[in-house]
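S.K.: One file: my_file-v4.txt (compact mmCIF, C-alpha atoms and all ligand atoms).
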# COMPACT_ATOMS: atom_id res chain seq x y z
CA MET A 1 71.12 172.04 204.48
CA THR A 2 67.90 170.63 202.98
CA THR A 3 67.26 169.94 199.30
CA SER A 4 63.79 171.49 199.17
CA MET A 5 62.58 171.57 195.55
CA THR A 6 61.57 174.73 193.72
CA THR A 7 61.11 175.67 190.06
CA THR A 8 62.80 178.25 187.85
CA ASN A 9 59.43 179.97 187.48
CA THR A 10 59.08 180.28 191.26
CA LEU A 11 62.63 181.54 191.63
CA PHE A 12 62.78 183.97 188.74
CA GLY A 13 59.18 184.47 187.70
CA GLY A 14 59.83 183.32 184.10
CA SER A 15 61.29 180.55 181.95
CA MET A 16 65.01 179.92 181.35
CA MET A 17 64.96 181.86 178.06
CA SER A 18 62.41 184.59 178.86
CA PRO A 19 63.60 188.18 179.16
CA ILE A 20 64.43 188.29 182.86
CA VAL A 21 65.94 191.67 183.63
CA ASP A 22 67.64 191.14 186.96
CA PRO A 23 68.36 187.63 188.30
CA TYR A 24 71.08 188.92 190.63
CA PRO A 25 68.97 189.53 193.78
CA VAL A 26 67.77 185.90 193.49
CA TYR A 27 71.35 184.67 193.10
CA LYS A 28 72.41 186.69 196.15
CA ARG A 29 69.64 185.11 198.23
CA LEU A 30 70.61 181.65 197.00
CA ARG A 31 74.32 182.25 197.74
CA ASP A 32 73.41 183.37 201.27
CA GLU A 33 70.72 180.81 202.05
CA GLN A 34 70.85 177.81 199.68
CA PRO A 35 74.09 177.85 197.66
CA ALA A 36 73.23 174.41 196.24
CA ILE A 37 69.51 173.99 195.54
CA ALA A 38 67.43 171.42 193.64
CA VAL A 39 65.28 173.13 191.01
CA ASN A 40 62.64 171.64 188.70
CA THR A 41 63.25 172.77 185.12
CA MET A 42 61.86 171.86 181.70
CA MET A 43 64.86 169.53 181.35
CA GLY A 44 64.25 167.80 184.75
CA VAL A 45 65.76 168.40 188.20
CA ASN A 46 68.87 170.60 188.22
CA TYR A 47 71.01 171.54 191.19
CA MET A 48 71.92 175.22 190.94
CA ILE A 49 75.34 176.04 192.37
CA THR A 50 75.82 179.74 192.97
CA ARG A 51 78.91 180.48 195.12
CA PHE A 52 82.29 181.33 193.54
CA ASP A 53 84.27 178.78 195.58
CA ASP A 54 81.88 175.91 194.80
CA VAL A 55 81.75 176.81 191.11
CA LEU A 56 85.55 176.94 190.88
CA THR A 57 85.96 173.65 192.80
CA ILE A 58 83.54 171.93 190.40
CA LEU A 59 85.14 173.30 187.23
CA LYS A 60 88.63 172.40 188.47
CA ASP A 61 87.74 168.79 189.22
CA GLY A 62 86.67 167.17 185.96
CA LYS A 63 86.95 163.66 187.44
CA THR A 64 84.37 164.20 190.19
CA PHE A 65 82.26 166.64 188.15
CA SER A 66 81.98 165.31 184.63
CA SER A 67 81.14 167.41 181.60
CA HIS A 68 79.32 164.35 180.26
CA ALA A 69 76.25 166.17 181.64
CA ASN A 70 76.23 168.02 178.30
CA ALA A 71 75.21 164.78 176.55
CA ARG A 72 71.84 165.05 178.32
CA GLY A 73 71.70 168.83 177.89
CA ILE A 74 72.72 170.68 174.77
CA GLY A 75 74.16 167.45 173.28
CA ILE A 76 70.64 166.28 172.40
CA VAL A 77 70.66 168.77 169.52
CA MET A 78 74.38 169.34 168.92
CA GLY A 79 75.33 165.67 168.90
CA ARG A 80 78.51 164.39 170.56
CA THR A 81 80.90 167.34 170.90
CA ILE A 82 84.07 168.25 172.79
CA LEU A 83 81.84 169.81 175.46
CA GLU A 84 80.96 166.33 176.71
CA MET A 85 84.26 164.56 175.91
CA GLU A 86 86.90 163.89 178.55
CA GLY A 87 90.57 162.97 178.87
CA LYS A 88 92.65 162.15 175.79
CA GLU A 89 89.67 162.04 173.45
CA HIS A 90 88.78 165.60 174.46
CA VAL A 91 92.34 166.87 173.98
CA ARG A 92 92.70 165.22 170.55
CA HIS A 93 89.45 166.64 169.24
CA ARG A 94 90.01 170.08 170.76
CA ASN A 95 93.46 170.21 169.13
CA ILE A 96 91.84 170.00 165.69
CA ILE A 97 90.21 173.42 166.03
CA ALA A 98 92.77 175.04 168.35
CA PRO A 99 94.97 176.53 165.56
CA PHE A 100 91.97 178.41 164.13
CA PHE A 101 91.19 180.17 167.41
CA GLY A 102 94.56 180.41 169.18
CA PRO A 103 96.63 183.56 169.81
CA ARG A 104 98.67 183.07 166.62
CA ALA A 105 95.57 183.07 164.41
CA MET A 106 94.36 186.20 166.17
CA LYS A 107 97.59 187.99 165.26
CA ALA A 108 97.56 186.82 161.63
CA ASP A 109 94.67 187.81 159.37
CA MET A 110 91.83 187.77 161.93
CA PRO A 111 92.07 191.46 162.97
CA GLU A 112 91.70 192.38 159.29
CA VAL A 113 88.78 189.97 158.73
CA VAL A 114 86.91 191.22 161.81
CA GLY A 115 87.72 194.87 161.03
CA ARG A 116 86.44 194.56 157.47
CA ILE A 117 83.12 193.06 158.60
CA VAL A 118 82.62 195.53 161.46
CA HIS A 119 83.45 198.62 159.37
CA GLY A 120 81.23 197.37 156.54
CA LEU A 121 78.28 197.29 158.94
CA ILE A 122 79.10 200.67 160.53
CA ASP A 123 79.28 202.21 157.02
CA GLN A 124 75.57 201.46 156.67
CA PHE A 125 74.44 203.61 159.62
CA ALA A 126 77.30 206.05 160.32
CA PRO A 127 75.65 208.86 158.27
CA ASP A 128 72.35 208.54 160.19
CA GLY A 129 73.32 210.02 163.57
CA ALA A 130 71.27 207.27 165.26
CA ALA A 131 71.26 203.47 165.34
CA ASP A 132 70.25 200.39 167.29
CA LEU A 133 73.69 198.91 167.82
CA VAL A 134 72.29 195.46 168.67
CA GLN A 135 70.17 195.16 165.53
CA GLN A 136 72.63 196.92 163.24
CA LEU A 137 75.97 195.67 164.51
CA THR A 138 76.50 193.43 167.53
CA PHE A 139 73.92 190.79 166.64
CA THR A 140 75.25 190.40 163.12
CA PHE A 141 79.00 190.69 162.94
CA PRO A 142 80.15 187.65 165.03
CA MET A 143 78.08 185.31 162.85
CA GLN A 144 79.64 186.78 159.72
CA VAL A 145 83.08 186.26 161.27
CA MET A 146 82.28 182.63 162.12
CA ALA A 147 80.87 182.01 158.65
CA THR A 148 84.14 183.34 157.19
CA ILE A 149 86.31 181.17 159.46
CA ILE A 150 84.27 178.01 158.84
CA GLY A 151 83.99 178.66 155.12
CA ILE A 152 80.23 179.01 154.82
CA PRO A 153 79.10 181.31 152.01
CA VAL A 154 78.63 184.68 153.75
CA SER A 155 75.48 185.19 151.66
CA ASP A 156 73.92 182.30 153.66
CA TYR A 157 74.86 183.60 157.09
CA HIS A 158 71.30 184.82 157.86
CA ALA A 159 69.93 181.29 157.48
CA PHE A 160 72.75 179.86 159.61
CA HIS A 161 72.22 182.47 162.25
CA ARG A 162 68.54 181.60 162.61
CA MET A 163 69.33 177.87 162.79
CA ALA A 164 72.13 178.40 165.33
CA LEU A 165 69.85 180.43 167.62
CA ASP A 166 66.93 178.00 167.25
CA LEU A 167 69.26 175.10 168.07
CA ILE A 168 70.20 176.45 171.49
CA SER A 169 66.62 177.38 172.34
CA VAL A 170 65.89 173.65 172.69
CA GLY A 171 65.44 173.98 176.48
CA ASP A 172 62.51 176.33 175.95
CA ASP A 173 61.13 175.02 172.68
CA PRO A 174 62.27 171.41 171.98
CA PRO A 175 60.55 171.00 168.55
CA ARG A 176 62.20 174.19 167.28
CA GLY A 177 65.61 173.05 168.57
CA PHE A 178 65.33 169.62 166.91
CA GLN A 179 64.10 171.12 163.66
CA ALA A 180 67.12 173.47 163.61
CA ALA A 181 69.49 170.55 164.27
CA ASN A 182 68.03 168.70 161.25
CA ASP A 183 68.06 171.81 159.06
CA LEU A 184 71.70 172.45 159.88
CA VAL A 185 72.62 168.90 158.87
CA ALA A 186 70.74 169.30 155.57
CA PHE A 187 72.48 172.61 154.93
CA LEU A 188 75.98 171.61 155.99
CA THR A 189 76.23 168.09 154.53
CA PRO A 190 76.67 169.15 150.88
CA LEU A 191 79.20 171.82 151.93
CA MET A 192 81.16 169.22 153.90
CA GLU A 193 81.11 166.78 150.97
CA HIS A 194 82.29 169.49 148.63
CA ARG A 195 85.26 170.26 150.94
CA ARG A 196 86.10 166.58 151.15
CA ALA A 197 86.46 166.56 147.39
CA GLU A 198 88.05 170.00 147.06
CA PRO A 199 89.69 171.28 150.25
CA ALA A 200 90.00 175.04 150.76
CA ASN A 201 91.83 177.06 153.38
CA ASP A 202 89.03 177.06 155.96
CA LEU A 203 87.90 175.30 159.13
CA LEU A 204 85.32 173.19 157.32
CA SER A 205 88.06 171.69 155.11
CA LYS A 206 90.24 171.11 158.16
CA LEU A 207 87.41 169.26 159.93
CA ALA A 208 86.45 167.32 156.80
CA HIS A 209 90.01 165.97 156.51
CA ALA A 210 90.96 165.77 160.21
CA GLU A 211 92.13 162.46 161.64
CA VAL A 212 92.13 161.29 165.25
CA GLU A 213 94.45 158.31 165.88
CA GLY A 214 94.66 157.56 162.17
CA ALA A 215 90.89 157.58 161.56
CA ARG A 216 89.19 160.36 159.66
CA LEU A 217 86.36 162.15 161.52
CA THR A 218 83.01 160.71 160.48
CA GLY A 219 80.45 162.97 158.81
CA GLU A 220 78.46 162.95 162.06
CA GLU A 221 81.53 164.07 164.04
CA VAL A 222 82.20 166.94 161.61
CA LEU A 223 78.55 168.03 161.73
CA SER A 224 78.47 167.90 165.55
CA PHE A 225 81.57 170.11 165.69
CA LEU A 226 79.83 172.63 163.43
CA ARG A 227 76.60 172.48 165.44
CA LEU A 228 78.68 173.46 168.48
CA LEU A 229 80.84 176.11 166.79
CA LEU A 230 78.07 178.01 165.04
CA PRO A 231 76.10 178.94 168.17
CA ALA A 232 79.27 179.13 170.30
CA GLY A 233 80.63 181.75 167.94
CA ALA A 234 77.38 183.54 167.15
CA GLU A 235 75.42 183.67 170.36
CA THR A 236 78.15 184.62 172.80
CA THR A 237 80.33 187.37 171.35
CA TYR A 238 77.38 189.44 170.26
CA ARG A 239 76.18 189.41 173.85
CA LEU A 240 79.62 190.36 175.19
CA THR A 241 79.97 193.28 172.77
CA GLY A 242 76.45 194.53 173.51
CA SER A 243 77.01 194.37 177.27
CA CYS A 244 80.39 196.16 176.93
CA LEU A 245 78.62 198.97 175.08
CA TYR A 246 75.85 199.05 177.66
CA ALA A 247 78.42 199.30 180.49
CA LEU A 248 80.31 202.00 178.59
CA LEU A 249 77.27 204.14 177.80
CA GLU A 250 75.54 203.69 181.16
CA HIS A 251 78.64 204.92 183.00
CA PRO A 252 79.75 208.30 181.59
CA GLU A 253 82.97 208.31 183.65
CA VAL A 254 83.91 204.95 182.11
CA TYR A 255 83.14 206.26 178.62
CA GLU A 256 85.37 209.30 179.17
CA GLU A 257 88.21 207.22 180.53
CA VAL A 258 88.11 204.64 177.72
CA ARG A 259 87.74 207.33 175.06
CA ALA A 260 90.84 209.10 176.40
CA ASP A 261 92.87 205.91 176.85
CA ARG A 262 92.02 203.09 174.49
CA THR A 263 94.28 200.66 176.36
CA ALA A 264 91.49 200.60 178.98
CA ILE A 265 89.32 198.64 176.50
CA GLY A 266 90.92 195.42 177.77
CA ALA A 267 89.78 196.18 181.34
CA LEU A 268 86.35 197.22 180.07
CA ILE A 269 85.89 193.84 178.36
CA GLN A 270 87.15 191.83 181.34
CA GLU A 271 84.96 193.69 183.83
CA THR A 272 81.95 193.27 181.53
CA LEU A 273 82.59 189.52 181.36
CA ARG A 274 82.41 189.45 185.16
CA TRP A 275 79.57 191.93 185.62
CA GLU A 276 77.27 190.59 182.86
CA SER A 277 78.56 187.13 181.98
CA PRO A 278 77.15 186.33 178.50
CA VAL A 279 76.89 182.59 179.26
CA GLN A 280 75.41 182.36 182.74
CA PHE A 281 75.83 178.68 183.52
CA VAL A 282 77.53 175.46 182.42
CA SER A 283 76.51 171.84 183.10
CA ARG A 284 78.26 169.10 185.03
CA GLU A 285 77.29 165.83 186.76
CA PRO A 286 78.93 164.30 189.84
CA THR A 287 80.43 160.85 189.21
CA ALA A 288 79.83 159.88 192.88
CA ASP A 289 77.52 161.04 195.66
CA VAL A 290 78.88 164.41 196.86
CA GLU A 291 78.05 167.22 199.25
CA ILE A 292 78.18 170.80 197.95
CA SER A 293 77.99 173.56 200.57
CA GLY A 294 76.25 171.11 202.89
CA CYS A 295 73.72 169.91 200.30
CA PRO A 296 73.82 166.18 199.43
CA VAL A 297 73.85 165.68 195.66
CA PRO A 298 73.52 162.15 194.20
CA ALA A 299 75.86 160.74 191.53
CA GLY A 300 74.54 161.51 188.04
CA ALA A 301 72.51 164.56 189.12
CA MET A 302 72.44 167.48 186.70
CA LEU A 303 74.33 170.52 188.01
CA SER A 304 73.75 174.04 186.70
CA VAL A 305 77.02 175.66 187.62
CA VAL A 306 76.09 179.33 187.63
CA VAL A 307 79.22 181.27 186.61
CA GLY A 308 77.08 184.42 186.32
CA SER A 309 76.34 184.19 190.05
CA ALA A 310 79.90 183.19 191.01
CA ASN A 311 81.11 186.33 189.25
CA ARG A 312 78.87 188.43 191.55
CA ASP A 313 79.77 186.62 194.78
CA GLU A 314 80.47 189.16 197.53
CA ARG A 315 82.64 186.51 199.24
CA HIS A 316 85.07 186.92 196.34
CA TYR A 317 84.51 190.39 194.85
CA ALA A 318 84.14 193.66 196.78
CA GLU A 319 80.90 195.45 195.80
CA PRO A 320 80.20 192.86 193.09
CA ASP A 321 77.21 194.67 191.58
CA ARG A 322 79.30 197.76 190.85
CA PHE A 323 80.94 198.07 187.42
CA ASP A 324 84.55 198.86 188.32
CA LEU A 325 87.03 199.44 185.53
CA HIS A 326 89.88 199.29 188.06
CA ARG A 327 88.90 196.11 189.86
CA GLU A 328 92.01 194.31 191.04
CA ASN A 329 90.97 190.67 190.70
CA ASP A 330 90.23 189.82 187.08
CA ASP A 331 89.75 186.11 187.79
CA HIS A 332 86.15 185.87 186.58
CA LEU A 333 84.78 182.53 185.41
CA ALA A 334 82.84 183.79 182.37
CA PHE A 335 84.87 181.59 179.98
CA GLY A 336 84.69 178.63 182.38
CA PHE A 337 87.81 177.08 183.92
CA GLY A 338 89.98 174.01 183.44
CA GLU A 339 89.94 171.52 180.54
CA HIS A 340 86.83 172.97 178.93
CA PHE A 341 87.88 176.63 179.23
CA CYS A 342 86.36 178.41 176.23
CA ALA A 343 88.16 177.44 173.03
CA GLY A 344 87.09 180.71 171.36
CA SER A 345 88.07 183.18 174.10
CA HIS A 346 90.85 184.81 172.04
CA LEU A 347 88.48 185.33 169.14
CA ALA A 348 85.75 186.72 171.42
CA LEU A 349 88.19 189.22 172.98
CA LEU A 350 89.52 190.26 169.57
CA GLU A 351 86.02 190.75 168.15
CA ALA A 352 84.89 192.85 171.11
CA ARG A 353 88.06 194.97 170.98
CA VAL A 354 87.84 195.62 167.24
CA ALA A 355 84.13 196.53 167.43
CA LEU A 356 84.56 198.89 170.40
CA ASN A 357 87.55 200.65 168.85
CA ALA A 358 85.75 201.03 165.53
CA LEU A 359 82.68 202.57 167.19
CA LEU A 360 84.76 204.98 169.27
CA ASP A 361 86.74 205.95 166.16
CA ARG A 362 83.76 206.50 163.94
CA LEU A 363 80.83 207.70 166.07
CA PRO A 364 81.76 210.92 167.93
CA ASN A 365 79.81 211.75 171.11
CA LEU A 366 78.26 208.30 171.20
CA ARG A 367 75.44 208.17 173.78
CA LEU A 368 72.32 206.18 174.65
CA ASP A 369 69.06 207.51 173.25
CA ARG A 370 67.30 207.92 176.60
CA SER A 371 63.91 208.33 174.93
CA ARG A 372 63.96 204.60 174.18
CA GLU A 373 64.09 201.57 176.50
CA CYS A 374 67.12 199.33 176.76
CA HIS A 375 67.88 196.65 179.36
CA VAL A 376 70.24 193.77 179.81
CA VAL A 377 67.96 190.70 179.79
CA GLY A 378 68.07 186.92 179.93
CA LEU A 379 68.73 184.04 182.29
CA ALA A 380 70.74 181.36 180.44
CA PHE A 381 72.37 184.01 178.22
CA ARG A 382 72.43 187.73 178.97
CA SER A 383 72.91 190.96 176.99
CA PRO A 384 70.98 194.12 176.05
CA ASP A 385 67.93 193.52 173.86
CA HIS A 386 68.42 196.89 172.13
CA LEU A 387 71.06 199.60 172.19
CA PRO A 388 69.42 202.74 170.78
CA VAL A 389 72.18 205.32 170.41
CA LEU A 390 72.72 208.83 169.07
CA PHE A 391 76.00 210.27 167.81
CA ASP A 392 77.36 213.28 166.00
CA HIS A 393 78.12 213.11 162.31
CA ALA A 394 81.75 212.34 161.69
C1 LIG B 1 82.07 186.19 175.06
C2 LIG B 1 82.09 185.13 174.35
C3 LIG B 1 82.11 183.72 174.90
C4 LIG B 1 81.79 183.26 176.14
C5 LIG B 1 81.31 184.05 177.35
C6 LIG B 1 82.00 181.82 176.11
C7 LIG B 1 81.80 180.99 177.20
C8 LIG B 1 82.18 179.65 177.24
C9 LIG B 1 82.14 178.83 178.40
C10 LIG B 1 81.64 179.26 179.78
C11 LIG B 1 82.62 177.61 178.05
C12 LIG B 1 82.84 176.43 178.99
C13 LIG B 1 81.77 175.37 178.89
C14 LIG B 1 81.92 174.30 179.93
O1 LIG B 1 82.82 174.35 180.76
O2 LIG B 1 81.08 173.38 179.93
C15 LIG B 1 82.93 177.65 176.65
C16 LIG B 1 83.41 176.60 175.91
C17 LIG B 1 83.59 176.65 174.55
N1 LIG B 1 83.53 177.78 173.73
FE1 LIG B 1 83.09 179.63 174.31
N2 LIG B 1 82.42 181.46 174.86
C18 LIG B 1 82.52 182.60 174.09
C19 LIG B 1 82.92 182.68 172.78
C20 LIG B 1 83.25 181.62 171.99
C21 LIG B 1 83.60 181.71 170.60
C22 LIG B 1 83.69 182.99 169.78
C23 LIG B 1 83.81 180.46 170.18
C24 LIG B 1 84.19 180.13 168.77
C25 LIG B 1 84.84 179.20 168.38
C26 LIG B 1 83.65 179.55 171.33
C27 LIG B 1 83.83 178.18 171.32
C28 LIG B 1 83.79 177.38 172.44
C29 LIG B 1 84.04 175.95 172.40
C30 LIG B 1 84.37 175.14 171.17
C31 LIG B 1 83.92 175.49 173.73
C32 LIG B 1 84.09 174.07 174.22
C33 LIG B 1 85.48 173.90 174.81
C34 LIG B 1 85.70 172.51 175.38
O3 LIG B 1 84.76 171.80 175.72
O4 LIG B 1 86.88 172.14 175.47
N3 LIG B 1 83.29 180.31 172.40
N4 LIG B 1 82.67 178.93 176.17
Could you take the file, read its structure, and then write that structure out as C-alpha cells?
M.R.:
Amino acid sequence: MTTSMTTTNTLFGGSMMSPIVDPYPVYKRLRDEQPAIAVNTMMGVNYMITRFDDVLTILKDGKTFSSHANARGIGIVMGRTILEMEGKEHVRHRNIIAPFFGPRAMKADMPEVVGRIVHGLIDQFAPDGAADLVQQLTFTFPMQVMATIIGIPVSDYHAFHRMALDLISVGDDPPRGFQAANDLVAFLTPLMEHRRAEPANDLLSKLAHAEVEGARLTGEEVLSFLRLLLPAGAETTYRLTGSCLYALLEHPEVYEEVRADRTAIGALIQETLRWESPVQFVSREPTADVEISGCPVPAGAMLSVVVGSANRDERHYAEPDRFDLHRENDDHLAFGFGEHFCAGSHLALLEARVALNALLDRLPNLRLDRSRECHVVGLAFRSPDHLPVLFDHA
C-alpha cells in the first residue's frame, strides 16, 4: 500500500466544513482501495482511516493511538481538555462532570427540563401548520438545555451558541475560531468568579469548586472544560435530532411504524447514529511507527479516524447505506469507543427521545414539505440544513 498524498478538496470537492451532501461514495472507494490514506488538509497532513475494524482497533488501544492528537487539533481553541488527557488524569477530570450527565441525572429532573424547553419551542409554531424544524426547534433546544445544566443565564444562550459554533469552525476559519475562544473566556470568567463566591446547584459551580488530588481546578482548567462542553452539547445533539427526523420523514414506512409503536424510537435513534453519524471523525496520533491496513504511518502523525465511514462499512454492516430500523447489530461507533466514549451520550439520547416524542404527540400527519429543498450536509459534522415540514392542526 502506498501513501500517495491527496487533498480534501480533491477527494470531496470542497472544504472540511462546506456543505458536502454525500461523502459516502468517496468513503466506500477509500475503504476498498486505500483504507489508510495521507491527505493534505488546512491543519496539515492527516491520515484518514475509513474501515470499521481499523477504526475500532485504534479507539480500543489508547496507548498506541493517543488522544493527545486533540492538543494539536481542537485543543488550540478549547485549551487543555479531557479529550486530550490520558490515564488517571483523564479519569479524575472526567469524574467531575460524570454525575451531571450519567444515567441517574437523566432519570431525575432532566426529562422535565428538556421537555419544558422542547414544548416551549413547539408552542411557538404548532398553530402554523408549517415549520422549519431545524431553525425553529432542533438547532435551538440542545443549547438551551446545556445553558440550563451549566448555569448560564438562558437569556444569553444565543450569544453562547454563536461563540460555540465559531469555536469549532477553527479548522475552516482560524481567526473566527480564536476570536470565539477569547470571547467565551471574557463572557465566562465573571460567571465563574461569581460561582466561586456564591455556589449554586449547577455544573459551573461544581467546576468552580472541583478539586483534583487536593488542588482546586485553575480558572483556565474550568474555562477549558466549558469551551469543550458548550460545543459538545450544542453542536452534536441538534444534528442527531435533525437527522432522526430526516430519516423518519424520508421513510414513510418507518414513520408509520414509529408512530404506532413509540418504543421503536430507541431503534430509530440508534440507526440514525449509524446511518448519519453527527460527528464524522475523531483524532488520534500513533505513539510509535505503525502500519494500518498495509499503510506505514509514522509516530506522531495526525489520524482522522472516520467513524462516519466505519459505520457504513459493508465488511461490518449488511447493506450499510440502507436505513434499517430492524438492523441486528447496533454496535455503531458514533459516540466513539473506549476511554473517551462520549461523556454526554445519555443526555443526547434523552434529548432526541423527548423531542421526537413531543413532535409526534403534537404535530399530527407530520410530513416533509416537498416543495422545498432539504438535504443532509457536511463533512466533519453532518445533519439536515433545513427540515421544512407541514402538519395538520392539532
Ligand atoms: C449525538 C450527540 C453526540 C455525539 C454524536 C457525540 C460524539 C462524541 C464522540 C465521537 C466522542 C469521542 C471523541 C474521541 O474519542 O476523541 C465524544 C466525546 C465527548 N462528548 Fe460527545 N457526542 C454527542 C453529544 C454530547 C453531549 C450532549 C455532550 C454534553 C456534555 C457531550 C460531551 C462529550 C465530552 C465531554 C466528550 C469527551 C469525553 C472524553 O474525552 O472522555 N457529547 N462525543
S.K.: Counting only C-alpha atoms, figure out which residue out of A:Glu213, A:Asp324, A:Asp109, A:Glu89 gets nearest to His251 in chain A.
M.R.: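 Nearest candidate to His251 in chain A out of A:Glu213, A:Asp324, A:Asp109, A:Glu89: A:Asp324.
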S.K.: Find the residue from A:Arg162, A:Lys28, A:Arg196, A:His90 that sits nearest to ligand LIG 1 (chain B); use only C-alpha atoms and all ligand atoms when measuring.
M.R.: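 So, comparing all the options, the nearest one is A:His90.
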S.K.: Please identify the residues whose atoms come within 7 Å of ligand LIG 1 (chain B), using all atoms listed in the file, and report them as a ChimeraX atom specification.
M.R.: /A:59,67,82-84,90,94,101,228-229,232-234,236-237,239-240,273,277-279,281-283,334-337,339-345,347-348
S.K.: So which residues fall inside 7 Å of (69.0, 172.4, 191.8) if we count only C-alpha atoms? Mind giving them as a ChimeraX atom specification?
M.R.: /A:36-39,45-48,303
S.K.: Skipping near chain neighbours, those fewer than 3 positions away, what residues fall within 7 Å of range 309-322 of chain A using all atoms listed in the file, listed as a ChimeraX atom specification?
M.R.: /A:27,50-52,55,274-275,306,332-333
S.K.: Name the closest residue to Leu390 in chain A among the candidates A:Leu350, A:Val145, A:Leu366, A:Val376; distances are taken between atoms, counting only C-alpha atoms.
M.R.: A:Leu366
S.K.: Which of these, A:Leu230, A:Val297, A:Met43, A:Ala147, has the shortest distance to Asp166 in chain A once you count all atoms listed in the file?
M.R.: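 Looking only at the distances to Asp166 in chain A, the closest residue turns out to be A:Leu230.
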